[in-house]
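Shown next: protein.cif, containing mmCIF, C-alpha atoms.
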```cif
data_query
#
loop_
_atom_site.group_PDB
_atom_site.id
_atom_site.type_symbol
_atom_site.label_atom_id
_atom_site.label_comp_id
_atom_site.auth_asym_id
_atom_site.auth_seq_id
_atom_site.Cartn_x
_atom_site.Cartn_y
_atom_site.Cartn_z
ATOM 1 C CA MET F 1 -23.083 6.404 -9.639
ATOM 2 C CA ASN F 2 -24.075 9.691 -11.160
ATOM 3 C CA TRP F 3 -20.653 11.241 -11.736
ATOM 4 C CA ASN F 4 -20.586 14.903 -12.683
ATOM 5 C CA LEU F 5 -18.347 15.231 -15.733
ATOM 6 C CA PRO F 6 -15.547 16.037 -16.077
ATOM 7 C CA VAL F 7 -14.250 14.070 -13.088
ATOM 8 C CA ASN F 8 -10.743 13.697 -11.762
ATOM 9 C CA ARG F 9 -9.555 10.125 -11.303
ATOM 10 C CA VAL F 10 -7.785 9.876 -7.949
ATOM 11 C CA VAL F 11 -5.842 7.048 -6.302
ATOM 12 C CA ILE F 12 -6.018 7.294 -2.506
ATOM 13 C CA ALA F 13 -3.455 5.302 -0.503
ATOM 14 C CA LEU F 14 -4.173 4.532 3.163
ATOM 15 C CA GLY F 15 -1.269 3.618 5.430
ATOM 16 C CA GLY F 16 -1.398 0.152 7.026
ATOM 17 C CA ASN F 17 -0.301 1.444 10.432
ATOM 18 C CA ALA F 18 -3.196 3.911 10.408
ATOM 19 C CA LEU F 19 -5.661 1.011 10.305
ATOM 20 C CA GLY F 20 -4.989 -0.216 13.846
ATOM 21 C CA ASN F 21 -3.676 -3.419 15.400
ATOM 22 C CA THR F 22 -6.814 -5.604 15.566
ATOM 23 C CA PRO F 23 -9.733 -6.241 13.192
ATOM 24 C CA GLU F 24 -12.053 -4.469 15.647
ATOM 25 C CA GLU F 25 -9.834 -1.387 15.886
ATOM 26 C CA GLN F 26 -9.402 -1.411 12.108
ATOM 27 C CA MET F 27 -13.154 -1.474 11.487
ATOM 28 C CA THR F 28 -13.666 1.425 13.892
ATOM 29 C CA ARG F 29 -11.012 3.514 12.155
ATOM 30 C CA LEU F 30 -12.315 2.689 8.698
ATOM 31 C CA ARG F 31 -15.873 3.629 9.675
ATOM 32 C CA ASP F 32 -14.495 6.929 10.968
ATOM 33 C CA ALA F 33 -12.594 7.467 7.707
ATOM 34 C CA ALA F 34 -15.308 6.429 5.246
ATOM 35 C CA PRO F 35 -17.296 9.708 5.341
ATOM 36 C CA THR F 36 -14.082 11.554 4.408
ATOM 37 C CA LEU F 37 -13.653 9.286 1.378
ATOM 38 C CA LEU F 38 -17.244 10.016 0.328
ATOM 39 C CA ARG F 39 -16.563 13.755 0.593
ATOM 40 C CA VAL F 40 -13.697 13.314 -1.871
ATOM 41 C CA ILE F 41 -16.159 11.730 -4.318
ATOM 42 C CA GLU F 42 -18.682 14.512 -3.734
ATOM 43 C CA GLN F 43 -16.002 17.005 -4.769
ATOM 44 C CA GLY F 44 -16.255 15.513 -8.276
ATOM 45 C CA ASN F 45 -13.602 12.813 -8.045
ATOM 46 C CA GLU F 46 -13.619 9.170 -9.107
ATOM 47 C CA ILE F 47 -11.592 7.243 -6.520
ATOM 48 C CA ILE F 48 -9.491 4.086 -6.422
ATOM 49 C CA ILE F 49 -8.370 3.057 -2.930
ATOM 50 C CA THR F 50 -5.192 1.219 -2.040
ATOM 51 C CA HIS F 51 -3.773 0.524 1.400
ATOM 52 C CA GLY F 52 -0.820 -0.723 3.389
ATOM 53 C CA ASN F 53 -0.849 -4.102 5.094
ATOM 54 C CA GLY F 54 2.401 -4.361 7.064
ATOM 55 C CA PRO F 55 0.919 -4.967 10.537
ATOM 56 C CA GLN F 56 -1.926 -7.060 9.134
ATOM 57 C CA VAL F 57 0.145 -9.441 7.001
ATOM 58 C CA GLY F 58 2.581 -9.814 9.899
ATOM 59 C CA MET F 59 -0.308 -10.764 12.177
ATOM 60 C CA ILE F 60 -1.581 -13.369 9.699
ATOM 61 C CA GLU F 61 1.853 -14.888 9.150
ATOM 62 C CA SER F 62 2.600 -14.995 12.888
ATOM 63 C CA ALA F 63 -0.751 -16.658 13.599
ATOM 64 C CA PHE F 64 -0.071 -19.459 11.113
ATOM 65 C CA GLU F 65 3.503 -19.764 12.324
ATOM 66 C CA LEU F 66 2.431 -20.198 15.956
ATOM 67 C CA ALA F 67 -0.448 -22.529 15.071
ATOM 68 C CA HIS F 68 1.869 -24.682 12.963
ATOM 69 C CA LYS F 69 4.239 -25.070 15.904
ATOM 70 C CA VAL F 70 1.364 -26.234 18.116
ATOM 71 C CA ASN F 71 -0.234 -28.566 15.559
ATOM 72 C CA PRO F 72 2.032 -29.146 12.553
ATOM 73 C CA GLN F 73 -0.088 -32.055 11.283
ATOM 74 C CA LYS F 74 -3.239 -29.968 10.849
ATOM 75 C CA ILE F 75 -2.016 -26.362 10.472
ATOM 76 C CA PRO F 76 0.398 -25.770 7.578
ATOM 77 C CA ASP F 77 3.041 -23.107 7.215
ATOM 78 C CA MET F 78 1.492 -20.333 5.116
ATOM 79 C CA ASP F 79 3.641 -18.757 2.423
ATOM 80 C CA LEU F 80 4.017 -14.980 2.247
ATOM 81 C CA PRO F 81 2.061 -14.491 -1.030
ATOM 82 C CA GLU F 82 -0.953 -16.275 0.479
ATOM 83 C CA CYS F 83 -0.681 -14.182 3.653
ATOM 84 C CA GLY F 84 -0.641 -11.058 1.490
ATOM 85 C CA ALA F 85 -3.742 -12.233 -0.369
ATOM 86 C CA MET F 86 -5.543 -12.877 2.928
ATOM 87 C CA SER F 87 -4.704 -9.386 4.153
ATOM 88 C CA GLN F 88 -5.985 -7.825 0.921
ATOM 89 C CA GLY F 89 -9.210 -9.772 1.302
ATOM 90 C CA TYR F 90 -10.039 -8.908 4.874
ATOM 91 C CA ILE F 91 -8.914 -5.270 4.710
ATOM 92 C CA GLY F 92 -10.888 -4.881 1.473
ATOM 93 C CA TYR F 93 -13.932 -6.505 3.070
ATOM 94 C CA GLN F 94 -13.804 -4.095 6.014
ATOM 95 C CA LEU F 95 -13.345 -1.116 3.680
ATOM 96 C CA GLN F 96 -16.391 -2.264 1.697
ATOM 97 C CA GLN F 97 -18.371 -2.565 4.926
ATOM 98 C CA ALA F 98 -17.265 0.863 6.192
ATOM 99 C CA ILE F 99 -17.910 2.640 2.884
ATOM 100 C CA GLY F 100 -21.240 0.831 2.547
ATOM 101 C CA ALA F 101 -22.332 2.012 5.985
ATOM 102 C CA ALA F 102 -21.327 5.602 5.170
ATOM 103 C CA MET F 103 -23.170 5.464 1.838
ATOM 104 C CA HIS F 104 -26.291 4.123 3.565
ATOM 105 C CA LYS F 105 -26.290 7.043 5.991
ATOM 106 C CA ALA F 106 -25.729 9.519 3.155
ATOM 107 C CA TYR F 107 -28.428 7.898 0.948
ATOM 108 C CA LYS F 108 -25.878 7.084 -1.770
ATOM 109 C CA ARG F 109 -26.293 4.049 -3.994
ATOM 110 C CA TRP F 110 -22.785 3.639 -5.331
ATOM 111 C CA HIS F 111 -20.917 0.359 -5.773
ATOM 112 C CA VAL F 112 -17.630 -0.736 -4.204
ATOM 113 C CA ALA F 113 -15.487 -3.818 -4.900
ATOM 114 C CA THR F 114 -12.111 -5.224 -3.885
ATOM 115 C CA VAL F 115 -9.704 -6.761 -6.401
ATOM 116 C CA VAL F 116 -7.143 -9.180 -4.962
ATOM 117 C CA THR F 117 -4.216 -7.835 -6.949
ATOM 118 C CA GLN F 118 -1.019 -9.444 -8.229
ATOM 119 C CA ILE F 119 1.903 -7.328 -9.400
ATOM 120 C CA GLU F 120 4.540 -8.746 -11.708
ATOM 121 C CA VAL F 121 8.157 -8.181 -10.713
ATOM 122 C CA ASN F 122 11.411 -9.012 -12.473
ATOM 123 C CA PRO F 123 12.896 -12.266 -11.120
ATOM 124 C CA GLU F 124 16.319 -10.782 -11.935
ATOM 125 C CA ASP F 125 15.669 -7.693 -9.791
ATOM 126 C CA PRO F 126 18.834 -7.050 -7.713
ATOM 127 C CA ALA F 127 16.635 -6.915 -4.584
ATOM 128 C CA PHE F 128 16.391 -10.713 -4.668
ATOM 129 C CA GLU F 129 20.157 -10.908 -4.155
ATOM 130 C CA ASN F 130 19.986 -8.641 -1.113
ATOM 131 C CA PRO F 131 16.813 -9.225 0.946
ATOM 132 C CA THR F 132 16.293 -6.377 3.419
ATOM 133 C CA LYS F 133 12.592 -6.314 4.379
ATOM 134 C CA PRO F 134 11.983 -7.896 7.839
ATOM 135 C CA ILE F 135 8.824 -9.977 8.213
ATOM 136 C CA GLY F 136 7.372 -12.299 10.809
ATOM 137 C CA ALA F 137 8.071 -12.851 14.492
ATOM 138 C CA PHE F 138 11.317 -12.248 16.376
ATOM 139 C CA LEU F 139 13.232 -15.490 16.958
ATOM 140 C CA THR F 140 16.116 -16.606 19.124
ATOM 141 C CA ARG F 141 19.310 -17.503 17.306
ATOM 142 C CA GLU F 142 18.540 -21.190 17.855
ATOM 143 C CA GLU F 143 15.023 -20.816 16.428
ATOM 144 C CA ALA F 144 16.370 -18.948 13.396
ATOM 145 C CA VAL F 145 18.939 -21.705 12.745
ATOM 146 C CA ALA F 146 16.204 -24.352 13.012
ATOM 147 C CA GLU F 147 13.906 -22.437 10.599
ATOM 148 C CA ASN F 148 16.782 -21.940 8.164
ATOM 149 C CA ALA F 149 17.440 -25.688 8.239
ATOM 150 C CA LYS F 150 13.806 -26.307 7.233
ATOM 151 C CA HIS F 151 13.863 -23.510 4.624
ATOM 152 C CA PRO F 152 17.408 -23.217 3.197
ATOM 153 C CA ASP F 153 16.306 -20.513 0.737
ATOM 154 C CA TRP F 154 15.197 -18.191 3.560
ATOM 155 C CA THR F 155 17.448 -15.443 4.925
ATOM 156 C CA PHE F 156 17.568 -14.366 8.581
ATOM 157 C CA ILE F 157 19.250 -11.349 10.163
ATOM 158 C CA GLU F 158 19.720 -10.067 13.690
ATOM 159 C CA ASP F 159 17.419 -7.073 14.133
ATOM 160 C CA SER F 160 18.664 -4.289 16.436
ATOM 161 C CA GLY F 161 19.345 -6.556 19.405
ATOM 162 C CA ARG F 162 15.698 -7.663 19.572
ATOM 163 C CA GLY F 163 16.180 -11.097 18.029
ATOM 164 C CA TRP F 164 16.429 -12.695 14.608
ATOM 165 C CA ARG F 165 13.932 -12.159 11.808
ATOM 166 C CA ARG F 166 13.394 -13.416 8.316
ATOM 167 C CA VAL F 167 14.068 -10.858 5.576
ATOM 168 C CA VAL F 168 12.699 -10.873 2.036
ATOM 169 C CA ALA F 169 13.324 -8.879 -1.119
ATOM 170 C CA SER F 170 11.549 -5.632 -1.985
ATOM 171 C CA PRO F 171 11.585 -5.589 -5.817
ATOM 172 C CA VAL F 172 10.384 -2.802 -8.098
ATOM 173 C CA PRO F 173 6.761 -3.293 -9.294
ATOM 174 C CA LYS F 174 6.520 -3.659 -13.073
ATOM 175 C CA LYS F 175 2.973 -4.609 -14.080
ATOM 176 C CA ILE F 176 -0.453 -4.909 -12.433
ATOM 177 C CA VAL F 177 -1.814 -8.275 -13.554
ATOM 178 C CA GLU F 178 -5.448 -7.312 -12.901
ATOM 179 C CA SER F 179 -5.224 -3.826 -14.457
ATOM 180 C CA GLU F 180 -7.921 -4.569 -17.061
ATOM 181 C CA SER F 181 -10.306 -5.811 -14.378
ATOM 182 C CA ILE F 182 -9.710 -2.645 -12.348
ATOM 183 C CA LEU F 183 -10.329 -0.414 -15.374
ATOM 184 C CA ASN F 184 -13.505 -2.319 -16.269
ATOM 185 C CA LEU F 185 -14.867 -1.784 -12.767
ATOM 186 C CA LEU F 186 -14.030 1.925 -12.951
ATOM 187 C CA ASP F 187 -15.757 2.190 -16.334
ATOM 188 C CA ASN F 188 -18.834 0.632 -14.715
ATOM 189 C CA GLU F 189 -18.852 3.247 -11.938
ATOM 190 C CA PHE F 190 -17.380 1.216 -9.082
ATOM 191 C CA ILE F 191 -15.278 2.525 -6.237
ATOM 192 C CA VAL F 192 -12.354 0.103 -6.540
ATOM 193 C CA ILE F 193 -10.039 -1.170 -3.786
ATOM 194 C CA ALA F 194 -6.856 -2.657 -5.254
ATOM 195 C CA CYS F 195 -3.115 -3.287 -4.854
ATOM 196 C CA GLY F 196 -3.325 -3.669 -1.074
ATOM 197 C CA GLY F 197 0.078 -3.789 0.577
ATOM 198 C CA GLY F 198 1.746 -2.853 -2.705
ATOM 199 C CA GLY F 199 0.255 -5.930 -4.402
ATOM 200 C CA ILE F 200 1.137 -9.635 -4.263
ATOM 201 C CA PRO F 201 4.528 -10.067 -5.995
ATOM 202 C CA VAL F 202 4.480 -12.633 -8.818
ATOM 203 C CA VAL F 203 6.860 -13.720 -11.581
ATOM 204 C CA ARG F 204 6.392 -15.617 -14.833
ATOM 205 C CA ASP F 205 6.971 -19.367 -14.511
ATOM 206 C CA TYR F 206 8.159 -20.472 -17.946
ATOM 207 C CA SER F 207 8.270 -24.100 -16.806
ATOM 208 C CA ASP F 208 4.467 -23.722 -16.591
ATOM 209 C CA LYS F 209 3.888 -21.990 -19.959
ATOM 210 C CA GLY F 210 4.474 -18.522 -18.501
ATOM 211 C CA ALA F 211 1.809 -18.715 -15.790
ATOM 212 C CA TYR F 212 2.284 -16.468 -12.775
ATOM 213 C CA LYS F 213 3.577 -17.789 -9.466
ATOM 214 C CA GLY F 214 3.933 -15.942 -6.170
ATOM 215 C CA VAL F 215 7.332 -15.093 -4.718
ATOM 216 C CA ALA F 216 8.334 -14.351 -1.142
ATOM 217 C CA ALA F 217 8.823 -10.610 -1.403
ATOM 218 C CA VAL F 218 7.243 -7.327 -0.319
ATOM 219 C CA ILE F 219 6.538 -4.472 -2.737
ATOM 220 C CA ASP F 220 6.780 -0.979 -1.302
ATOM 221 C CA LYS F 221 3.145 0.076 -0.865
ATOM 222 C CA ASP F 222 3.771 3.649 -2.030
ATOM 223 C CA MET F 223 5.442 2.494 -5.252
ATOM 224 C CA GLY F 224 2.630 -0.017 -5.750
ATOM 225 C CA GLY F 225 0.139 2.825 -5.347
ATOM 226 C CA GLU F 226 2.116 4.941 -7.807
ATOM 227 C CA LEU F 227 2.000 2.189 -10.437
ATOM 228 C CA LEU F 228 -1.748 1.809 -9.823
ATOM 229 C CA ALA F 229 -2.208 5.549 -10.369
ATOM 230 C CA GLU F 230 -0.251 5.445 -13.629
ATOM 231 C CA ASP F 231 -2.025 2.353 -14.961
ATOM 232 C CA CYS F 232 -5.463 3.763 -14.091
ATOM 233 C CA HIS F 233 -4.628 7.046 -15.850
ATOM 234 C CA ALA F 234 -5.195 8.950 -12.614
ATOM 235 C CA ASP F 235 -4.885 12.717 -12.383
ATOM 236 C CA ARG F 236 -4.001 12.702 -8.687
ATOM 237 C CA LEU F 237 -2.208 10.372 -6.305
ATOM 238 C CA VAL F 238 -3.057 10.997 -2.647
ATOM 239 C CA LEU F 239 -0.808 9.371 -0.038
ATOM 240 C CA LEU F 240 -2.453 9.569 3.365
ATOM 241 C CA THR F 241 -0.386 9.195 6.512
ATOM 242 C CA ALA F 242 -0.359 10.351 10.142
ATOM 243 C CA VAL F 243 0.697 13.966 9.503
ATOM 244 C CA ASP F 244 -0.844 16.867 7.608
ATOM 245 C CA HIS F 245 2.323 17.877 5.753
ATOM 246 C CA VAL F 246 5.704 16.689 4.578
ATOM 247 C CA ALA F 247 8.346 18.562 6.590
ATOM 248 C CA ILE F 248 12.038 19.303 6.378
ATOM 249 C CA ASN F 249 14.201 19.416 9.515
ATOM 250 C CA PHE F 250 11.528 17.192 11.062
ATOM 251 C CA GLY F 251 11.452 17.269 14.872
ATOM 252 C CA LYS F 252 13.936 20.138 15.086
ATOM 253 C CA PRO F 253 13.328 23.729 16.220
ATOM 254 C CA ASN F 254 13.583 24.862 12.595
ATOM 255 C CA GLN F 255 11.079 22.300 11.254
ATOM 256 C CA GLU F 256 9.321 23.624 8.159
ATOM 257 C CA ASP F 257 6.085 22.203 6.775
ATOM 258 C CA LEU F 258 6.024 22.034 2.989
ATOM 259 C CA VAL F 259 2.823 23.080 1.230
ATOM 260 C CA ASP F 260 3.628 23.202 -2.487
ATOM 261 C CA ILE F 261 6.912 22.026 -4.010
ATOM 262 C CA SER F 262 8.252 21.075 -7.424
ATOM 263 C CA VAL F 263 9.863 17.725 -8.219
ATOM 264 C CA GLU F 264 13.188 19.564 -8.425
ATOM 265 C CA GLU F 265 12.789 20.760 -4.841
ATOM 266 C CA ALA F 266 11.637 17.326 -3.712
ATOM 267 C CA ASN F 267 14.673 15.690 -5.312
ATOM 268 C CA ARG F 268 16.972 18.176 -3.600
ATOM 269 C CA TYR F 269 15.464 17.391 -0.208
ATOM 270 C CA LEU F 270 15.776 13.656 -0.948
ATOM 271 C CA GLU F 271 19.471 14.100 -1.734
ATOM 272 C CA GLU F 272 19.897 15.965 1.553
ATOM 273 C CA GLY F 273 18.368 13.019 3.432
ATOM 274 C CA GLN F 274 15.542 15.154 4.821
ATOM 275 C CA PHE F 275 12.988 12.352 5.022
ATOM 276 C CA GLY F 276 12.789 9.191 7.133
ATOM 277 C CA LYS F 277 13.987 6.101 5.249
ATOM 278 C CA GLY F 278 11.094 3.881 6.292
ATOM 279 C CA SER F 279 8.395 6.525 6.562
ATOM 280 C CA MET F 280 8.307 9.706 4.489
ATOM 281 C CA GLU F 281 11.112 9.078 1.987
ATOM 282 C CA PRO F 282 9.274 6.304 0.044
ATOM 283 C CA LYS F 283 6.195 8.526 -0.186
ATOM 284 C CA VAL F 284 8.170 11.446 -1.595
ATOM 285 C CA ARG F 285 9.939 9.176 -4.093
ATOM 286 C CA ALA F 286 6.585 7.778 -5.240
ATOM 287 C CA ALA F 287 5.214 11.333 -5.474
ATOM 288 C CA VAL F 288 8.114 12.447 -7.675
ATOM 289 C CA LYS F 289 7.756 9.438 -9.984
ATOM 290 C CA PHE F 290 4.029 10.061 -10.426
ATOM 291 C CA ALA F 291 4.385 13.811 -10.975
ATOM 292 C CA GLU F 292 7.042 13.195 -13.645
ATOM 293 C CA SER F 293 5.035 10.471 -15.416
ATOM 294 C CA ARG F 294 2.739 12.839 -17.326
ATOM 295 C CA GLN F 295 2.231 16.570 -17.597
ATOM 296 C CA GLY F 296 -0.362 17.948 -15.178
ATOM 297 C CA ARG F 297 -0.176 15.131 -12.639
ATOM 298 C CA THR F 298 0.079 16.037 -8.954
ATOM 299 C CA CYS F 299 0.699 14.005 -5.832
ATOM 300 C CA ILE F 300 -0.704 15.100 -2.473
ATOM 301 C CA ILE F 301 0.700 13.834 0.823
ATOM 302 C CA GLY F 302 -1.407 14.523 3.901
ATOM 303 C CA SER F 303 -3.445 13.038 6.725
ATOM 304 C CA LEU F 304 -6.455 10.756 6.417
ATOM 305 C CA GLU F 305 -8.392 13.014 8.783
ATOM 306 C CA HIS F 306 -8.027 15.975 6.407
ATOM 307 C CA ALA F 307 -8.153 14.129 3.079
ATOM 308 C CA ALA F 308 -11.044 16.199 1.707
ATOM 309 C CA GLU F 309 -9.291 19.419 2.724
ATOM 310 C CA ALA F 310 -6.098 18.185 1.055
ATOM 311 C CA MET F 311 -7.996 17.565 -2.182
ATOM 312 C CA ALA F 312 -9.374 21.116 -1.973
ATOM 313 C CA GLY F 313 -5.877 22.555 -1.459
ATOM 314 C CA LEU F 314 -6.485 23.489 2.177
ATOM 315 C CA SER F 315 -4.154 20.911 3.728
ATOM 316 C CA GLY F 316 -1.338 18.550 2.763
ATOM 317 C CA THR F 317 1.783 18.877 0.622
ATOM 318 C CA ARG F 318 1.415 19.078 -3.152
ATOM 319 C CA ILE F 319 4.273 17.808 -5.350
ATOM 320 C CA HIS F 320 4.176 18.560 -9.061
ATOM 321 C CA ALA F 321 6.403 18.917 -12.123
#
```

Take the structure in the file and give it back as structure tokens.
Amino acid sequence: MNWNLPVNRVVIALGGNALGNTPEEQMTRLRDAAPTLLRVIEQGNEIIITHGNGPQVGMIESAFELAHKVNPQKIPDMDLPECGAMSQGYIGYQLQQAIGAAMHKAYKRWHVATVVTQIEVNPEDPAFENPTKPIGAFLTREEAVAENAKHPDWTFIEDSGRGWRRVVASPVPKKIVESESILNLLDNEFIVIACGGGGIPVVRDYSDKGAYKGVAAVIDKDMGGELLAEDCHADRLVLLTAVDHVAINFGKPNQEDLVDISVEEANRYLEEGQFGKGSMEPKVRAAVKFAESRQGRTCIIGSLEHAAEAMAGLSGTRIHA
């Protein structure tokens, strides 16, 4: 890859919901998005790509769950860390395919690779005492009781009158286990795909000489992307979603799109509860953390469709210290 120096190192985070509901739909959307990602590189940026995986990991877990019910002798239950790893693998594979096709059309000979990524979390994180992240299929009360009998360490809650669901912890990410591998790939001019779905949560198992073991948890994908950006010494963190701008008074007659704000302004809006808890608020919190991590760092929140324009300052919301 013939980078023009100096380059900006940029982490680009793609939302899992933006990737579609089936592998076919996902591939179509990624092929549509890939030329935009190449334009970001052509602007003089070195990119690392991360992505959400909520719908995808739910699909994988539900498939194993249903298959196990039909044929428990041959199809095992699949634990959440393994489902997360599968989602990283197949989303990464389709991203590699889509970017490869776009490079072929543009006569580029760059390299792209996916790293199945573990992220260490603290086993004493308070989130483990209060699981809140719903995963898996909706169950009847009777089904939830039966599953809880088989898995006494699992927690189930009633979800908005729609049935019962398992909930898991959402701990704070502390360390990217494969950070050196990611940096080595970047130093050898690869486009790297890493930390999909926030990363696979792992803890140290001191009964096994400190080796890592997976835990049933979900890391917030935006905070996982923020840690990736810090560990890769990125200059920019770009969080791509379904809208072109962060807005205050969203959906109201006095809605205001934000173009350029300081972390102080962002924190004030967070305190006012301006952003959706499960949608925009985590992105703004990740943006603030990244912008405060080192002088000169900026986070951009915008749409995948206008990612190149956002990098050029023509779209999106910029959050900086």

Can you list, as an mmCIF file with C-alpha atoms, keeping the file's coordinate frame, every protein, DNA or RNA residue that comes within 12 Å of F:Met27 when you count only C-alpha atoms, leaving out same-chain residues fewer than 3 positions away?
```
data_model
loop_
_atom_site.group_PDB
_atom_site.id
_atom_site.type_symbol
_atom_site.label_atom_id
_atom_site.label_comp_id
_atom_site.auth_asym_id
_atom_site.auth_seq_id
_atom_site.Cartn_x
_atom_site.Cartn_y
_atom_site.Cartn_z
ATOM 1 C CA ALA F 18 -3.196 3.911 10.408
ATOM 2 C CA LEU F 19 -5.661 1.011 10.305
ATOM 3 C CA GLY F 20 -4.989 -0.216 13.846
ATOM 4 C CA ASN F 21 -3.676 -3.419 15.400
ATOM 5 C CA THR F 22 -6.814 -5.604 15.566
ATOM 6 C CA PRO F 23 -9.733 -6.241 13.192
ATOM 7 C CA GLU F 24 -12.053 -4.469 15.647
ATOM 8 C CA LEU F 30 -12.315 2.689 8.698
ATOM 9 C CA ARG F 31 -15.873 3.629 9.675
ATOM 10 C CA ASP F 32 -14.495 6.929 10.968
ATOM 11 C CA ALA F 33 -12.594 7.467 7.707
ATOM 12 C CA ALA F 34 -15.308 6.429 5.246
ATOM 13 C CA TYR F 90 -10.039 -8.908 4.874
ATOM 14 C CA ILE F 91 -8.914 -5.270 4.710
ATOM 15 C CA GLY F 92 -10.888 -4.881 1.473
ATOM 16 C CA TYR F 93 -13.932 -6.505 3.070
ATOM 17 C CA GLN F 94 -13.804 -4.095 6.014
ATOM 18 C CA LEU F 95 -13.345 -1.116 3.680
ATOM 19 C CA GLN F 96 -16.391 -2.264 1.697
ATOM 20 C CA GLN F 97 -18.371 -2.565 4.926
ATOM 21 C CA ALA F 98 -17.265 0.863 6.192
ATOM 22 C CA ILE F 99 -17.910 2.640 2.884
ATOM 23 C CA ALA F 101 -22.332 2.012 5.985
#
```

Which residues, written as number ranges by chain, have at least one atom at most 12 Å from stretch 316-320 of chain F, with only C-alpha atoms counted and residues fewer than 6 positions away on the same chain left out?
-> F: 235-248, 256-267, 280, 283-310

Output the residue selection produced by the PyMOL selection byres ((chain F and resi 167) around 12) on the file above, formatted as number ranges by chain.
-> F: 80, 127-138, 144, 148, 153-159, 164-166, 168-170, 216-218

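Of the listed residues (F:Pro126, F:Gly224, F:Gly100, F:Pro35), F:Gly224 comes nearest to F:Pro201; the distances count only C-alpha atoms.
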
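Shell of stretch 176-185 of chain F at 6 Å, with all atoms listed in the file counted and residues fewer than 3 places along the chain excluded, is Gln118, Ile119, Asn188 and Phe190 of chain F.
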
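Take the candidates F:Glu189, F:Asp79, F:Asp231, F:Glu42 and check each one against F:Ile60 using only C-alpha atoms; the shortest distance goes to F:Asp79.
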
Near F:Arg204, counting all atoms listed in the file, which residues have an atom at most 10 Å away, once you skip same-chain residues fewer than 5 positions from it, shown as an NGL selection string?
-> :F and (120-123 or 209-214)

Residues from last step as file, C-alpha atoms, as a PDB file, keeping the file's coordinate frame:
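The new file out39.pdb reads:
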```pdb
ATOM      1  CA  GLU F 120       4.540  -8.746 -11.708  1.00  0.00           C
ATOM      2  CA  VAL F 121       8.157  -8.181 -10.713  1.00  0.00           C
ATOM      3  CA  ASN F 122      11.411  -9.012 -12.473  1.00  0.00           C
ATOM      4  CA  PRO F 123      12.896 -12.266 -11.120  1.00  0.00           C
ATOM      5  CA  LYS F 209       3.888 -21.990 -19.959  1.00  0.00           C
ATOM      6  CA  GLY F 210       4.474 -18.522 -18.501  1.00  0.00           C
ATOM      7  CA  ALA F 211       1.809 -18.715 -15.790  1.00  0.00           C
ATOM      8  CA  TYR F 212       2.284 -16.468 -12.775  1.00  0.00           C
ATOM      9  CA  LYS F 213       3.577 -17.789  -9.466  1.00  0.00           C
ATOM     10  CA  GLY F 214       3.933 -15.942  -6.170  1.00  0.00           C
TER      11      GLY F 214
END
```

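Residues with at least one atom no more than 9 Å from (-13.9, 12.6, -5.1), using only C-alpha atoms, are Val7, Asn8, Arg9, Val10, Leu37, Leu38, Arg39, Val40, Ile41, Glu42, Gln43, Gly44, Asn45, Glu46, Ile47, Ala308 and Met311 of chain F.
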
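Residues with any atom within 9 Å of F:Ile48, counting all atoms listed in the file and excluding same-chain neighbours fewer than 3 positions away, are Arg9, Val10, Val11, Ile12, Ala13, Ile182, Leu186, Phe190, Ile191, Val192, Ile193, Ala194, Leu228, Ala229, Cys232 and Ala234 of chain F.
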
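From atom CA of F:Gly197 back to atom CA of F:Pro72, the distance works out to 28.1 Å.
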